[in-house]
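Below is final_22.cif, holding mmCIF, C-alpha atoms.
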data_model
#
loop_
_atom_site.group_PDB
_atom_site.id
_atom_site.type_symbol
_atom_site.label_atom_id
_atom_site.label_comp_id
_atom_site.auth_asym_id
_atom_site.auth_seq_id
_atom_site.Cartn_x
_atom_site.Cartn_y
_atom_site.Cartn_z
ATOM 1 C CA MET A 1 151.693 120.516 119.376
ATOM 2 C CA THR A 2 152.991 117.421 121.139
ATOM 3 C CA GLY A 3 151.256 115.554 123.957
ATOM 4 C CA THR A 4 151.302 117.024 127.456
ATOM 5 C CA PRO A 5 151.938 115.396 130.851
ATOM 6 C CA ILE A 6 148.539 116.654 132.011
ATOM 7 C CA ASP A 7 145.537 114.371 131.691
ATOM 8 C CA ASN A 8 141.960 115.658 131.775
ATOM 9 C CA LEU A 9 138.395 114.464 132.175
ATOM 10 C CA ILE A 10 136.785 117.115 129.997
ATOM 11 C CA ARG A 11 135.047 114.672 127.662
ATOM 12 C CA LYS A 12 133.616 112.675 130.591
ATOM 13 C CA LEU A 13 132.494 115.839 132.373
ATOM 14 C CA ARG A 14 130.811 117.154 129.219
ATOM 15 C CA PHE A 15 128.709 114.025 128.955
ATOM 16 C CA GLU A 16 127.886 114.136 132.645
ATOM 17 C CA HIS A 17 126.644 117.690 132.142
ATOM 18 C CA GLY A 18 123.771 116.880 129.804
ATOM 19 C CA GLU A 19 126.001 115.990 126.859
ATOM 20 C CA MET A 20 127.326 119.508 126.654
ATOM 21 C CA THR A 21 128.730 120.152 123.177
ATOM 22 C CA GLN A 22 132.318 121.174 122.576
ATOM 23 C CA GLN A 23 131.048 124.468 121.181
ATOM 24 C CA ALA A 24 128.986 125.133 124.334
ATOM 25 C CA LEU A 25 132.040 124.527 126.524
ATOM 26 C CA ALA A 26 134.169 126.691 124.224
ATOM 27 C CA ASP A 27 131.637 129.531 124.446
ATOM 28 C CA ALA A 28 131.431 129.189 128.237
ATOM 29 C CA CYS A 29 135.218 129.492 128.545
ATOM 30 C CA GLY A 30 135.849 132.068 125.798
ATOM 31 C CA ILE A 31 137.972 129.751 123.652
ATOM 32 C CA THR A 32 137.628 128.198 120.190
ATOM 33 C CA ARG A 33 136.145 124.744 119.663
ATOM 34 C CA GLN A 34 139.439 123.638 118.161
ATOM 35 C CA THR A 35 141.115 124.334 121.515
ATOM 36 C CA VAL A 36 138.536 122.171 123.309
ATOM 37 C CA ILE A 37 139.290 119.385 120.822
ATOM 38 C CA ALA A 38 143.051 119.797 121.371
ATOM 39 C CA LEU A 39 142.517 119.725 125.169
ATOM 40 C CA GLU A 40 140.394 116.569 125.022
ATOM 41 C CA ALA A 41 142.973 114.886 122.803
ATOM 42 C CA GLY A 42 145.722 115.760 125.322
ATOM 43 C CA LYS A 43 147.525 117.849 122.696
ATOM 44 C CA TYR A 44 147.442 121.070 124.667
ATOM 45 C CA ALA A 45 148.004 121.968 128.308
ATOM 46 C CA PRO A 46 145.881 124.981 129.314
ATOM 47 C CA SER A 47 147.100 127.970 131.282
ATOM 48 C CA LEU A 48 146.128 128.108 134.947
ATOM 49 C CA GLU A 49 143.483 130.716 134.135
ATOM 50 C CA LEU A 50 141.869 128.568 131.444
ATOM 51 C CA ALA A 51 142.016 125.502 133.689
ATOM 52 C CA PHE A 52 140.050 127.427 136.328
ATOM 53 C CA ARG A 53 137.557 128.638 133.725
ATOM 54 C CA ILE A 54 136.952 125.090 132.469
ATOM 55 C CA ALA A 55 136.555 123.753 136.008
ATOM 56 C CA ARG A 56 134.134 126.568 136.812
ATOM 57 C CA ALA A 57 132.084 125.769 133.674
ATOM 58 C CA PHE A 58 131.538 122.291 135.111
ATOM 59 C CA GLY A 59 131.088 123.568 138.661
ATOM 60 C CA VAL A 60 133.998 121.496 140.022
ATOM 61 C CA GLY A 61 137.545 122.096 141.234
ATOM 62 C CA VAL A 62 140.578 122.197 138.939
ATOM 63 C CA GLU A 63 141.883 118.870 140.266
ATOM 64 C CA ASP A 64 138.583 117.223 139.366
ATOM 65 C CA VAL A 65 139.238 118.097 135.711
ATOM 66 C CA PHE A 66 143.018 117.971 135.336
ATOM 67 C CA ARG A 67 145.521 115.576 136.807
ATOM 68 C CA TRP A 68 149.224 114.892 136.401
ATOM 69 C CA LYS A 69 149.877 111.744 134.351
ATOM 70 C CA ARG A 70 151.740 109.114 136.380
ATOM 71 C CA MET B 1 130.093 118.299 91.372
ATOM 72 C CA SER B 2 132.041 116.951 94.351
ATOM 73 C CA ARG B 3 134.322 119.279 96.281
ATOM 74 C CA PRO B 4 137.645 117.575 95.388
ATOM 75 C CA VAL B 5 136.749 117.789 91.669
ATOM 76 C CA ARG B 6 135.847 121.461 92.074
ATOM 77 C CA TYR B 7 139.189 122.101 93.798
ATOM 78 C CA ALA B 8 141.013 120.179 91.050
ATOM 79 C CA ILE B 9 139.430 122.475 88.438
ATOM 80 C CA LEU B 10 139.361 125.777 90.325
ATOM 81 C CA VAL B 11 142.872 125.807 91.836
ATOM 82 C CA PRO B 12 144.711 125.580 88.463
ATOM 83 C CA LEU B 13 142.199 128.024 86.962
ATOM 84 C CA SER B 14 142.816 130.497 89.811
ATOM 85 C CA ILE B 15 146.570 130.284 89.272
ATOM 86 C CA LEU B 16 146.035 130.760 85.531
ATOM 87 C CA ALA B 17 143.789 133.766 86.199
ATOM 88 C CA PHE B 18 146.439 135.245 88.507
ATOM 89 C CA TYR B 19 149.087 134.672 85.845
ATOM 90 C CA ALA B 20 146.962 136.148 83.052
ATOM 91 C CA LEU B 21 145.991 139.203 85.082
ATOM 92 C CA PHE B 22 149.210 140.067 86.856
ATOM 93 C CA VAL B 23 152.170 138.376 85.202
ATOM 94 C CA LEU B 24 151.476 138.088 81.468
ATOM 95 C CA PRO B 25 153.280 140.894 79.684
ATOM 96 C CA GLY B 26 150.886 143.631 78.551
ATOM 97 C CA ILE B 27 148.917 142.031 75.722
ATOM 98 C CA ASP B 28 146.352 144.421 74.296
ATOM 99 C CA LEU B 29 142.958 142.636 74.342
ATOM 100 C CA GLY B 30 140.952 145.826 73.905
ATOM 101 C CA TRP B 31 138.742 147.160 76.670
ATOM 102 C CA LEU B 32 136.121 144.432 76.146
ATOM 103 C CA GLY B 33 138.719 141.646 76.215
ATOM 104 C CA GLY B 34 140.390 143.177 79.252
ATOM 105 C CA LEU B 35 137.057 143.468 81.042
ATOM 106 C CA ALA B 36 136.168 139.855 80.163
ATOM 107 C CA MET B 37 139.513 138.659 81.504
ATOM 108 C CA LEU B 38 139.073 140.633 84.726
ATOM 109 C CA ALA B 39 135.487 139.369 85.186
ATOM 110 C CA GLY B 40 136.541 135.774 84.433
ATOM 111 C CA ALA B 41 139.371 135.952 86.966
ATOM 112 C CA TRP B 42 137.084 137.310 89.676
ATOM 113 C CA VAL B 43 134.427 134.629 88.944
ATOM 114 C CA VAL B 44 137.050 131.850 89.264
ATOM 115 C CA TRP B 45 138.409 133.328 92.515
ATOM 116 C CA TYR B 46 134.902 133.751 93.892
ATOM 117 C CA LEU B 47 134.006 130.121 93.061
ATOM 118 C CA LEU B 48 137.200 128.928 94.778
ATOM 119 C CA TRP B 49 136.394 131.098 97.795
ATOM 120 C CA ALA B 50 132.807 129.742 97.922
ATOM 121 C CA THR B 51 134.090 126.149 97.746
ATOM 122 C CA MET B 52 136.528 126.830 100.583
ATOM 123 C CA GLN B 53 133.753 128.344 102.679
ATOM 124 C CA GLU B 54 131.643 125.230 102.010
ATOM 125 C CA SER B 55 134.499 123.091 103.351
ATOM 126 C CA VAL B 56 134.724 125.283 106.451
ATOM 127 C CA ALA B 57 130.941 125.130 107.012
ATOM 128 C CA ALA B 58 130.937 121.336 106.578
ATOM 129 C CA ALA B 59 133.729 120.991 109.136
ATOM 130 C CA ARG B 60 131.860 123.227 111.603
ATOM 131 C CA THR B 61 128.803 120.996 111.969
ATOM 132 C CA GLY B 62 128.633 118.263 114.582
ATOM 133 C CA ASP B 63 130.970 117.284 117.424
ATOM 134 C CA ALA B 64 132.553 114.497 115.384
ATOM 135 C CA ALA B 65 134.037 116.845 112.790
ATOM 136 C CA VAL B 66 137.122 118.932 113.569
ATOM 137 C CA PRO B 67 136.411 122.585 112.757
ATOM 138 C CA ILE B 68 138.737 125.029 111.054
ATOM 139 C CA SER B 69 139.248 127.824 113.556
ATOM 140 C CA PRO B 70 139.387 131.518 112.578
ATOM 141 C CA GLY B 71 143.108 131.498 113.364
ATOM 142 C CA GLU B 72 143.707 128.680 110.901
ATOM 143 C CA GLN B 73 141.580 130.328 108.194
ATOM 144 C CA ARG B 74 143.515 133.559 108.713
ATOM 145 C CA ALA B 75 146.800 131.646 108.347
ATOM 146 C CA TRP B 76 145.860 129.888 105.085
ATOM 147 C CA ILE B 77 144.457 133.073 103.546
ATOM 148 C CA GLY B 78 147.587 134.972 104.602
ATOM 149 C CA LEU B 79 149.719 132.197 103.097
ATOM 150 C CA ALA B 80 147.822 132.318 99.778
ATOM 151 C CA PHE B 81 148.068 136.108 99.449
ATOM 152 C CA THR B 82 151.694 136.291 100.605
ATOM 153 C CA ALA B 83 152.628 133.490 98.180
ATOM 154 C CA ALA B 84 150.827 135.336 95.360
ATOM 155 C CA ILE B 85 152.686 138.567 96.205
ATOM 156 C CA LEU B 86 156.043 136.758 96.419
ATOM 157 C CA VAL B 87 155.514 134.908 93.114
ATOM 158 C CA TYR B 88 154.435 138.135 91.407
ATOM 159 C CA PHE B 89 157.404 139.987 92.861
ATOM 160 C CA ALA B 90 159.802 137.221 91.776
ATOM 161 C CA LEU B 91 158.419 137.219 88.226
ATOM 162 C CA ARG B 92 158.183 140.985 87.713
ATOM 163 C CA GLY B 93 160.757 142.365 90.176
ATOM 164 C CA SER B 94 163.494 142.571 87.545
ATOM 165 C CA GLN B 95 161.290 144.880 85.426
ATOM 166 C CA MET B 96 161.315 147.407 88.262
ATOM 167 C CA VAL B 97 165.035 147.981 87.720
ATOM 168 C CA ALA B 98 166.217 150.469 85.069
ATOM 169 C CA ALA B 99 169.473 149.946 83.153
ATOM 170 C CA ASP B 100 171.358 152.249 85.558
ATOM 171 C CA GLY B 101 170.059 150.360 88.607
ATOM 172 C CA THR B 102 167.489 152.970 89.619
ATOM 173 C CA MET B 103 163.691 152.687 89.509
ATOM 174 C CA ALA B 104 162.232 151.816 86.080
ATOM 175 C CA PRO B 105 158.958 153.433 84.891
ATOM 176 C CA GLU B 106 157.244 149.988 85.117
ATOM 177 C CA ALA B 107 157.845 149.958 88.875
ATOM 178 C CA SER B 108 154.773 152.050 89.666
ATOM 179 C CA ALA B 109 152.461 149.706 87.672
ATOM 180 C CA ILE B 110 153.972 146.675 89.424
ATOM 181 C CA GLY B 111 153.584 148.426 92.774
ATOM 182 C CA ARG B 112 149.926 149.120 91.953
ATOM 183 C CA HIS B 113 149.324 145.428 91.232
ATOM 184 C CA ILE B 114 150.876 144.462 94.556
ATOM 185 C CA GLY B 115 148.716 147.120 96.196
ATOM 186 C CA MET B 116 145.644 145.530 94.553
ATOM 187 C CA LEU B 117 146.566 142.157 96.036
ATOM 188 C CA VAL B 118 146.977 143.701 99.501
ATOM 189 C CA VAL B 119 143.598 145.463 99.180
ATOM 190 C CA GLY B 120 142.006 142.156 98.073
ATOM 191 C CA TRP B 121 143.528 140.489 101.150
ATOM 192 C CA LEU B 122 142.174 143.220 103.443
ATOM 193 C CA VAL B 123 138.688 142.912 101.893
ATOM 194 C CA VAL B 124 138.655 139.123 102.387
ATOM 195 C CA MET B 125 139.738 139.533 106.030
ATOM 196 C CA ARG B 126 137.099 142.207 106.601
ATOM 197 C CA VAL B 127 134.365 139.893 105.242
ATOM 198 C CA LEU B 128 135.605 137.057 107.457
ATOM 199 C CA ARG B 129 135.769 139.275 110.561
ATOM 200 C CA ARG B 130 132.105 140.167 110.015
ATOM 201 C CA ARG B 131 131.306 136.469 109.775
ATOM 202 C CA TRP B 132 133.231 135.763 113.002
ATOM 203 C CA GLN B 133 131.438 138.524 114.879
ATOM 204 C CA ASP B 134 129.732 136.149 117.339
ATOM 205 C CA THR B 135 132.565 133.659 117.692
ATOM 206 C CA VAL B 136 135.823 133.675 119.614
ATOM 207 C CA GLU B 137 138.448 134.736 117.071
ATOM 208 C CA GLU B 138 141.509 133.711 119.039
ATOM 209 C CA ASP B 139 142.439 132.284 122.405
ATOM 210 C CA GLU B 140 145.609 131.400 124.300
ATOM 211 C CA ARG B 141 146.341 128.379 122.075
ATOM 212 C CA ASP B 142 146.120 130.530 118.936
ATOM 213 C CA ARG B 143 148.478 133.045 120.529
ATOM 214 C CA LEU B 144 150.922 130.234 121.397
ATOM 215 C CA ILE B 145 150.875 128.954 117.803
ATOM 216 C CA GLN B 146 151.359 132.512 116.512
ATOM 217 C CA ALA B 147 154.271 133.106 118.883
ATOM 218 C CA ARG B 148 156.000 129.928 117.653
ATOM 219 C CA ALA B 149 155.403 130.884 114.024
ATOM 220 C CA CYS B 150 156.747 134.393 114.741
ATOM 221 C CA SER B 151 159.943 132.940 116.159
ATOM 222 C CA TRP B 152 160.356 130.796 113.011
ATOM 223 C CA ALA B 153 159.881 133.895 110.860
ATOM 224 C CA ARG B 154 162.403 135.808 112.996
ATOM 225 C CA ILE B 155 164.941 132.988 112.568
ATOM 226 C CA GLY B 156 164.297 132.949 108.800
ATOM 227 C CA LEU B 157 164.734 136.704 108.527
ATOM 228 C CA SER B 158 167.887 136.602 110.662
ATOM 229 C CA VAL B 159 169.405 133.890 108.439
ATOM 230 C CA PHE B 160 168.513 135.953 105.363
ATOM 231 C CA VAL B 161 170.129 139.116 106.792
ATOM 232 C CA LEU B 162 173.236 137.170 107.881
ATOM 233 C CA CYS B 163 173.550 135.704 104.371
ATOM 234 C CA ILE B 164 173.335 139.183 102.817
ATOM 235 C CA ALA B 165 175.861 140.540 105.320
ATOM 236 C CA ALA B 166 178.251 137.667 104.553
ATOM 237 C CA LEU B 167 177.712 138.159 100.826
ATOM 238 C CA PHE B 168 178.675 141.830 101.042
ATOM 239 C CA ALA B 169 181.515 141.247 103.466
ATOM 240 C CA PHE B 170 183.241 138.446 101.588
ATOM 241 C CA SER B 171 182.466 139.120 97.902
ATOM 242 C CA PRO B 172 185.059 140.926 95.793
ATOM 243 C CA LEU B 173 183.869 144.322 94.567
ATOM 244 C CA ASP B 174 183.680 143.272 90.930
ATOM 245 C CA ARG B 175 181.103 140.616 91.858
ATOM 246 C CA LEU B 176 178.878 143.202 93.526
ATOM 247 C CA GLN B 177 178.151 145.178 90.365
ATOM 248 C CA TRP B 178 174.494 144.162 90.644
ATOM 249 C CA ALA B 179 174.152 145.732 94.115
ATOM 250 C CA ARG B 180 172.544 148.992 93.021
ATOM 251 C CA PRO B 181 169.601 150.778 94.697
ATOM 252 C CA MET B 182 166.617 148.976 93.102
ATOM 253 C CA PRO B 183 168.046 145.429 93.110
ATOM 254 C CA LEU B 184 168.955 145.926 96.777
ATOM 255 C CA SER B 185 165.503 147.283 97.536
ATOM 256 C CA ASN B 186 163.925 144.269 95.772
ATOM 257 C CA LEU B 187 166.180 141.866 97.653
ATOM 258 C CA LEU B 188 165.189 143.337 101.025
ATOM 259 C CA MET B 189 161.500 143.287 100.113
ATOM 260 C CA THR B 190 161.785 139.648 99.005
ATOM 261 C CA GLY B 191 163.310 138.744 102.370
ATOM 262 C CA LEU B 192 160.543 140.521 104.233
ATOM 263 C CA ILE B 193 157.755 138.890 102.209
ATOM 264 C CA ALA B 194 159.440 135.464 102.465
ATOM 265 C CA SER B 195 159.662 135.747 106.265
ATOM 266 C CA SER B 196 155.972 136.598 106.374
ATOM 267 C CA LEU B 197 155.245 133.613 104.119
ATOM 268 C CA LEU B 198 157.226 131.376 106.485
ATOM 269 C CA GLU B 199 155.224 132.671 109.450
ATOM 270 C CA TYR B 200 151.871 131.922 107.780
ATOM 271 C CA ALA B 201 153.086 128.510 106.571
ATOM 272 C CA VAL B 202 154.265 127.478 110.061
ATOM 273 C CA THR B 203 150.992 128.730 111.593
ATOM 274 C CA GLY B 204 148.829 126.889 109.051
ATOM 275 C CA LEU B 205 150.857 123.682 109.379
ATOM 276 C CA ALA B 206 150.652 123.776 113.189
ATOM 277 C CA TYR B 207 146.840 123.981 113.055
ATOM 278 C CA TRP B 208 146.637 121.362 110.303
ATOM 279 C CA ARG B 209 148.902 118.940 112.203
ATOM 280 C CA ASP B 210 146.795 119.351 115.354
ATOM 281 C CA ARG B 211 143.582 118.680 113.437
ATOM 282 C CA ARG B 212 145.042 115.639 111.685
ATOM 283 C CA SER B 213 146.331 114.059 114.892
ATOM 284 C CA VAL B 214 143.042 114.295 116.813
#

Target encoding structure tokens, full file:
Amino acid sequence: MTGTPIDNLIRKLRFEHGEMTQQALADACGITRQTVIALEAGKYAPSLELAFRIARAFGVGVEDVFRWKR
Amino acid sequence: MSRPVRYAILVPLSILAFYALFVLPGIDLGWLGGLAMLAGAWVVWYLLWATMQESVAAARTGDAAVPISPGEQRAWIGLAFTAAILVYFALRGSQMVAADGTMAPEASAIGRHIGMLVVGWLVVMRVLRRRWQDTVEEDERDRLIQARACSWARIGLSVFVLCIAALFAFSPLDRLQWARPMPLSNLLMTGLIASSLLEYAVTGLAYWRDRRSV
């Protein structure tokens, strides 16, 4: 999958949340760890539903996790 | 023994075991020889399977390593079994055709062997599903990769059907002597298996490319 125009702060947020592991985030969102890795690497743009689930896992809003690359 | 060395030994041995068991024309080894060959083949396949599982387990530990997801494992296993079925079919398919173009008596034995491969595939997937019981088997990204691979397979199958249609439409009748029931049946089956192979290959490569580029 090629890069996406959507940037994210998932890695930063994971470390701010007690160094949450990729697997823990994957389990919290109902996705595979490989998808978390692809998201962090900017190789995959999540659906709106998954974006909300990730934001909820960190207890923040969607725009605090994802932003449009300028 | 390191894993690459084990792969270097076990992969050719597995192919040899497959060839000896399924492709080699019926050499009579006696029941003891036949049993030894069967047991040897299964031991080699098991060792290859165990080595692959070791690789998967090693990739699963730690955040630094990129894991092999269930979707990717499913794709590679599907690719291996589909390739084995296609190779077997390509090597033995002609023996299924009798002189008059109908089904030869060997066809049922060849069909049984293909059935054995499919059963083996189902057993492997069943074992893996049990192992994945507590993990997420697929998510939206897996479904996206599968959808792309499906469209590749559909394109492949469409090209194959168009080629057959063109072949029949534009070939003179005397060049279509071969087009009797069993050869046609084999040709259609080959196209179907090849499209499935393409789907698994595209799926596996998509996962592999993503893992490599992280």

| Which neighbours of range 52-57 of chain A fall inside 6 Å, counting all atoms listed in the file, when residues of the same chain fewer than 4 positions from it are skipped, and could you give them as a list in words? | Cys29, Gly61 and Val62 of chain A

Take the residues from that selection and write them out as a PDB file, in the frame of the given file, keeping C-alpha atoms.
ATOM      1  CA  CYS A  29     135.218 129.492 128.545  1.00  0.00           C
ATOM      2  CA  GLY A  61     137.545 122.096 141.234  1.00  0.00           C
ATOM      3  CA  VAL A  62     140.578 122.197 138.939  1.00  0.00           C
TER       4      VAL A  62
END

| request: Carefully work through the PyMOL selection byres ((chain B) within 9 of (chain A)) for this structure and note down the residues it includes, as JSON, numbers by chain. | output: {"B": [62, 63, 66, 67, 68, 69, 70, 135, 136, 137, 138, 139, 140, 141, 142, 145, 206, 207, 209, 210, 211, 213, 214]}

| query | Counting only C-alpha atoms, which residues come within 10 Å of (153.7, 138.8, 92.3), with the point read in the file's coordinates, and could you list them as a list in words? | reply |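 Residues with an atom at most 10 Å from (153.7, 138.8, 92.3): Phe18, Tyr19, Phe22, Val23, Phe81, Thr82, Ala83, Ala84, Ile85, Leu86, Val87, Tyr88, Phe89, Ala90, Leu91, Arg92, Gly93, Ile110, Gly111, His113, Ile114 and Leu117 of chain B.
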
| message | Which residue is closest to Val202 in chain B? Choose from B:Trp76, B:Phe170, B:Trp121, B:Phe160 and count only C-alpha atoms. | response |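 Closest residue, counting only C-alpha atoms: B:Trp76.
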
| With only C-alpha atoms as the atoms that count, which of A:Phe66, A:Val36, A:Leu48, A:Thr4 lies nearest to Ala24 in chain A? |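 Checking each of A:Phe66, A:Val36, A:Leu48, A:Thr4 against Ala24 in chain A, counting only C-alpha atoms, the winner is A:Val36.
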
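Distance-wise, CA of Gln53 in chain B and CA of Thr203 in chain B end up 19.4 Å apart.
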
| query | Selected by the PyMOL selection byres ((chain A and resi 64) around 10) in the shown coordinates: which residues, as a ChimeraX atom specification? | reply | /A:8-10,13,55,58-63,65-67

| field | Distance in Å - CA of Gly40 in chain B versus CA of Ala75 in chain B | value |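 Interatomic distance, CA of Gly40 in chain B to CA of Ala75 in chain B: 26.3 Å.
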
| Nearest to Val127 in chain B, chosen from B:Gln95, B:Leu35, B:Arg74, B:Ser108, with all atoms listed in the file counted in the distances |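 Of B:Gln95, B:Leu35, B:Arg74, B:Ser108, the one nearest Val127 in chain B is B:Arg74, counting all atoms listed in the file.
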
| query | Suppose you want the space between CA of Lys69 in chain A and CA of Arg148 in chain B; what is it in Å? | reply |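 One can read the CA of Lys69 in chain A to CA of Arg148 in chain B distance as 25.4 Å.
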